[in-house]
>>> print(open('work-v8.cif').read())   # mmCIF, C-alpha atoms
data_work
loop_
_atom_site.label_atom_id
_atom_site.label_comp_id
_atom_site.auth_asym_id
_atom_site.auth_seq_id
_atom_site.Cartn_x
_atom_site.Cartn_y
_atom_site.Cartn_z
CA MET L 5 77.88 98.77 89.59
CA LEU L 6 77.53 96.38 92.49
CA PHE L 7 77.73 98.95 95.25
CA PHE L 8 75.75 101.52 93.25
CA SER L 9 72.88 98.99 93.13
CA TYR L 10 73.37 98.13 96.79
CA PHE L 11 73.15 101.75 97.90
CA LYS L 12 70.13 102.39 95.67
CA ASP L 13 68.33 99.63 97.58
CA LEU L 14 69.43 101.20 100.86
CA VAL L 15 67.78 104.59 100.16
CA GLY L 16 65.62 105.61 103.11
CA GLN L 17 67.76 103.90 105.75
CA GLU L 18 69.90 105.65 108.31
CA VAL L 19 73.64 105.43 107.79
CA THR L 20 76.75 107.06 109.21
CA VAL L 21 79.24 108.31 106.63
CA GLU L 22 82.80 108.67 107.88
CA LEU L 23 84.89 110.97 105.74
CA LYS L 24 88.62 110.86 105.12
CA ASN L 25 89.01 114.00 107.26
CA ASP L 26 87.59 112.00 110.21
CA LEU L 27 84.26 113.84 110.20
CA ALA L 28 81.35 111.43 110.70
CA ILE L 29 77.83 112.37 109.57
CA ARG L 30 74.72 110.41 110.45
CA GLY L 31 71.68 110.80 108.24
CA THR L 32 69.05 109.19 106.07
CA LEU L 33 70.31 108.04 102.70
CA HIS L 34 68.44 110.13 100.13
CA SER L 35 70.23 109.20 96.93
CA VAL L 36 73.42 107.86 95.42
CA ASP L 37 75.00 107.94 91.96
CA GLN L 38 77.48 105.90 89.90
CA TYR L 39 80.41 107.63 91.58
CA LEU L 40 78.93 106.72 94.96
CA ASN L 41 78.38 110.40 95.67
CA ILE L 42 75.88 110.45 98.52
CA LYS L 43 73.06 112.77 99.48
CA LEU L 44 72.00 112.59 103.10
CA GLU L 45 68.93 114.09 104.74
CA ASN L 46 68.26 115.03 108.34
CA THR L 47 71.95 115.03 109.04
CA LYS L 48 73.65 115.27 112.39
CA VAL L 49 77.40 115.38 112.85
CA VAL L 50 78.50 112.58 115.19
CA ASP L 51 80.90 114.46 117.47
CA GLN L 52 79.22 117.88 117.40
CA ASP L 53 81.49 119.42 120.01
CA LYS L 54 84.60 118.51 118.05
CA TYR L 55 83.13 119.45 114.66
CA PRO L 56 80.75 122.41 115.05
CA HIS L 57 81.11 123.26 111.33
CA MET L 58 77.79 121.82 110.27
CA LEU L 59 75.55 122.42 113.28
CA SER L 60 72.77 123.94 111.21
CA VAL L 61 73.17 121.73 108.16
CA ARG L 62 70.31 119.28 107.72
CA ASN L 63 70.90 117.98 104.20
CA CYS L 64 74.14 117.50 102.38
CA PHE L 65 75.82 116.18 99.27
CA ILE L 66 79.00 114.20 99.88
CA ARG L 67 81.49 113.62 97.08
CA GLY L 68 82.13 109.89 96.81
CA SER L 69 85.90 110.26 96.77
CA VAL L 70 86.03 111.79 100.27
CA VAL L 71 84.26 108.87 101.91
CA ARG L 72 86.33 106.48 104.02
CA TYR L 73 83.54 104.31 105.45
CA VAL L 74 79.77 104.04 105.46
CA GLN L 75 78.41 102.36 108.59
CA LEU L 76 75.42 100.31 107.55
CA PRO L 77 72.32 99.30 109.50
CA LYS L 78 72.36 95.72 110.75
CA ASP L 79 69.26 94.85 108.76
CA GLY L 80 70.42 96.64 105.65
CA VAL L 81 72.67 93.82 104.61
CA ASP L 82 71.42 90.78 102.70
CA VAL L 83 74.55 88.71 103.05
CA ASP L 84 73.61 85.97 100.59
CA LEU L 85 72.57 88.44 97.92
CA LEU L 86 75.85 90.32 98.28
CA HIS L 87 77.92 87.14 98.11
CA ASP L 88 76.24 86.07 94.89
CA ALA L 89 76.59 89.51 93.34
CA ALA L 90 80.28 89.72 94.27
CA ARG L 91 80.95 86.27 92.83
CA ARG L 92 79.35 87.28 89.57
CA GLU L 93 80.95 90.71 89.42
CA ALA L 94 82.81 90.99 86.14
CA ARG L 95 86.57 90.88 86.41
CA GLY L 96 88.34 94.21 86.18
CA GLY L 97 89.60 93.32 82.70
CA MET G 29 72.44 78.40 92.04
CA SER G 30 73.56 79.03 88.45
CA GLY G 31 76.88 77.17 88.77
CA GLU G 32 78.17 79.19 85.82
CA GLU G 33 80.91 81.00 87.75
CA ASP G 34 84.43 80.27 86.62
CA ALA G 35 86.30 78.54 89.43
CA THR G 36 89.79 79.08 87.98
CA VAL G 37 91.94 81.62 89.70
CA ARG G 38 93.31 83.83 86.94
CA GLU G 39 94.02 87.20 88.49
CA PRO G 40 94.49 88.73 91.95
CA LEU G 41 90.81 89.65 92.29
CA ASP G 42 89.97 85.97 91.94
CA LEU G 43 92.06 85.31 95.04
CA ILE G 44 89.95 87.80 96.96
CA ARG G 45 86.82 86.13 95.58
CA LEU G 46 87.95 82.93 97.34
CA SER G 47 87.73 84.81 100.65
CA LEU G 48 84.04 85.75 100.30
CA ASP G 49 82.15 84.86 103.48
CA GLU G 50 85.48 84.36 105.24
CA ARG G 51 87.24 86.58 107.74
CA ILE G 52 89.97 88.75 106.26
CA TYR G 53 92.53 91.31 107.29
CA VAL G 54 92.60 94.65 105.46
CA LYS G 55 95.40 97.19 105.76
CA LEU G 56 94.25 100.74 105.01
CA ARG G 57 95.90 104.12 104.62
CA SER G 58 96.34 106.33 107.70
CA ASP G 59 97.68 103.44 109.81
CA ARG G 60 94.35 101.67 110.02
CA GLU G 61 93.57 97.97 109.90
CA LEU G 62 90.32 96.11 109.69
CA ARG G 63 89.43 92.53 110.56
CA GLY G 64 86.06 91.33 109.47
CA LYS G 65 83.99 88.99 107.33
CA LEU G 66 84.08 89.79 103.63
CA HIS G 67 80.57 90.04 102.23
CA ALA G 68 81.15 91.89 98.95
CA PHE G 69 83.83 93.61 96.93
CA ASP G 70 84.39 95.05 93.47
CA GLN G 71 87.32 95.81 91.17
CA HIS G 72 88.03 99.05 93.02
CA LEU G 73 88.34 97.04 96.22
CA ASN G 74 85.30 98.77 97.63
CA MET G 75 84.11 96.24 100.22
CA ILE G 76 81.35 95.44 102.63
CA LEU G 77 82.60 93.77 105.80
CA GLY G 78 80.64 92.34 108.70
CA ASP G 79 81.55 92.04 112.41
CA VAL G 80 84.42 94.42 111.90
CA GLU G 81 87.15 95.42 114.28
CA GLU G 82 89.05 98.58 113.28
CA THR G 83 92.50 99.24 114.75
CA ILE G 84 94.05 102.69 114.48
CA THR G 85 97.75 102.95 115.34
CA THR G 86 99.30 106.22 116.52
CA VAL G 87 102.88 106.97 117.52
CA GLU G 88 103.50 109.69 120.05
CA ILE G 89 107.01 111.01 120.60
CA ASP G 90 107.89 112.15 124.10
CA ASP G 91 109.20 115.71 124.00
CA GLU G 92 112.08 115.04 126.38
CA THR G 93 113.05 111.41 126.03
CA TYR G 94 112.17 111.18 122.31
CA GLU G 95 110.88 107.72 122.98
CA GLU G 96 108.14 106.47 120.69
CA ILE G 97 104.88 105.53 122.38
CA VAL G 98 102.83 103.29 120.12
CA ARG G 99 99.10 103.33 120.87
CA THR G 100 96.28 101.42 119.24
CA THR G 101 92.60 102.37 119.35
CA LYS G 102 90.02 99.75 118.48
CA ARG G 103 86.32 99.84 117.78
CA THR G 104 83.78 97.40 116.43
CA ILE G 105 81.13 98.00 113.80
CA ASP G 106 78.40 95.59 112.66
CA TYR G 107 78.46 96.27 108.93
CA LEU G 108 80.83 98.58 107.16
CA PHE G 109 81.20 99.75 103.57
CA VAL G 110 84.88 100.52 102.89
CA ARG G 111 85.84 102.70 99.93
CA GLY G 112 88.48 100.99 97.83
CA ASP G 113 90.82 103.93 97.39
CA GLY G 114 91.88 103.63 101.02
CA VAL G 115 92.80 99.95 100.78
CA ILE G 116 96.46 98.93 100.73
CA LEU G 117 96.22 95.17 101.09
CA VAL G 118 93.83 92.31 101.71
CA ALA G 119 94.88 89.03 103.32
CA PRO G 120 93.60 86.14 105.43
CA PRO G 121 93.64 87.10 109.12
CA LEU G 122 97.10 86.94 110.64
CA ARG G 123 97.49 83.98 112.99
CA THR G 124 99.46 86.00 115.56
CA ALA G 125 96.26 87.93 116.35
CA LEU G 126 93.76 86.94 119.08
CA GLY G 127 92.87 83.96 116.87
#
>>> encode(input="work-v8.cif", output="structure tokens")
Amino acid sequence: MLFFSYFKDLVGQEVTVELKNDLAIRGTLHSVDQYLNIKLENTKVVDQDKYPHMLSVRNCFIRGSVVRYVQLPKDGVDVDLLHDAARREARGG
Amino acid sequence: MSGEEDATVREPLDLIRLSLDERIYVKLRSDRELRGKLHAFDQHLNMILGDVEETITTVEIDDETYEEIVRTTKRTIDYLFVRGDGVILVAPPLRTALG
């Protein structure tokens, strides 16, 4: 739940999602769900010459399981808030 | 602060909890490694790291000599969310590194 809440607060900011197939997509975070599936708007593929597959795509849904990284904006991280939340995060059980 | 958090280390995730706000080393799948400051994590080992350096290791084999050429590519990222299913291990930074 921690990262679901974090991403919900990040909606509207620009992020770069790097997928497990090495494709990187930059866009505005539109929405997220409990599986950390992501919907991006105004998307642009990072290396368009190498990956021309999505030249005309402007909005996309990304399955959470194919994400490797999400590059976050410098001011999108409240370090203290995250630390507290992580400390409190219930043990896996 | 609440001061209600349990300070006893009971399970492996508690060990990672001790590294919050500290620099850590993360080994990932696909021959990748990260070094950065741990800001958050969960039971899946999803993490948010800050001031991250990613190292990607590739091995090229020369067609004729069959020698292995090991190359590393590095890049830095300010803040990175890492999905837990790619994580192999988490440790304090190795002292043999740039230090």
>>> resolve_selection(input="work-v8.cif", expression="the PyMOL selection byres ((chain G) within 6 of (chain L))", output="PyMOL selection string")
chain G and resi 67-69+71+107-111
>>> resolve_selection(input="work-v8.cif", expression="the PyMOL selection byres ((chain L and resi 42-54) around 10)", output="NGL selection string")
:L and (11 or 15-16 or 18-22 or 27-41 or 55-68 or 71)
>>> closest_residue(input="work-v8.cif", among="G:Ile84, G:Ile52, G:Ile76, G:Ala35", to="Arg103 (chain G)", atoms="all atoms listed in the file")
G:Ile84
>>> atom_distance(input="work-v8.cif", atom1="CA of Met75 (chain G)", atom2="CA of Gly112 (chain G)")
6.9 Å
>>> atom_distance(input="work-v8.cif", atom1="CA of Glu81 (chain G)", atom2="CA of Asp13 (chain L)")
25.5 Å
>>> atom_distance(input="work-v8.cif", atom1="CA of Glu39 (chain G)", atom2="CA of Leu77 (chain G)")
21.8 Å
>>> closest_atom_pairs(input="work-v8.cif", of="region 98-117 of chain G", to="region 53-65 of chain G", cutoff="8 Å", atoms="all atoms listed in the file", output="Markdown table")
| residue | atom | partner | partner_atom | distance |
| --- | --- | --- | --- | --- |
| G:Gly114 | CA | G:Arg57 | CA | 5.4 |
| G:Val115 | CA | G:Leu56 | CA | 4.5 |
| G:Ile116 | CA | G:Leu56 | CA | 5.1 |
| G:Leu117 | CA | G:Lys55 | CA | 5.2 |
>>> closest_residue(input="work-v8.cif", among="G:Thr101, G:Pro120, G:Asp113, G:Asp34", to="Asn74 (chain G)", atoms="all atoms listed in the file")
G:Asp113
>>> axis_aligned_box(input="work-v8.cif", around="region 70-82 of chain G", padding_each_side="6 Å", output="AutoDock Vina command-line options")
--center_x 84.8 --center_y 95.5 --center_z 102.7 --size_x 20.4 --size_y 19.0 --size_z 35.1
>>> resolve_selection(input="work-v8.cif", expression="the PyMOL selection byres ((chain G and resi 47) around 10)", output="list in words")
Asp42, Leu43, Ile44, Arg45, Leu46, Leu48, Asp49, Glu50, Arg51, Ile52, Lys65, Leu66, His67, Ala68, Val118, Ala119 and Pro120 of chain G
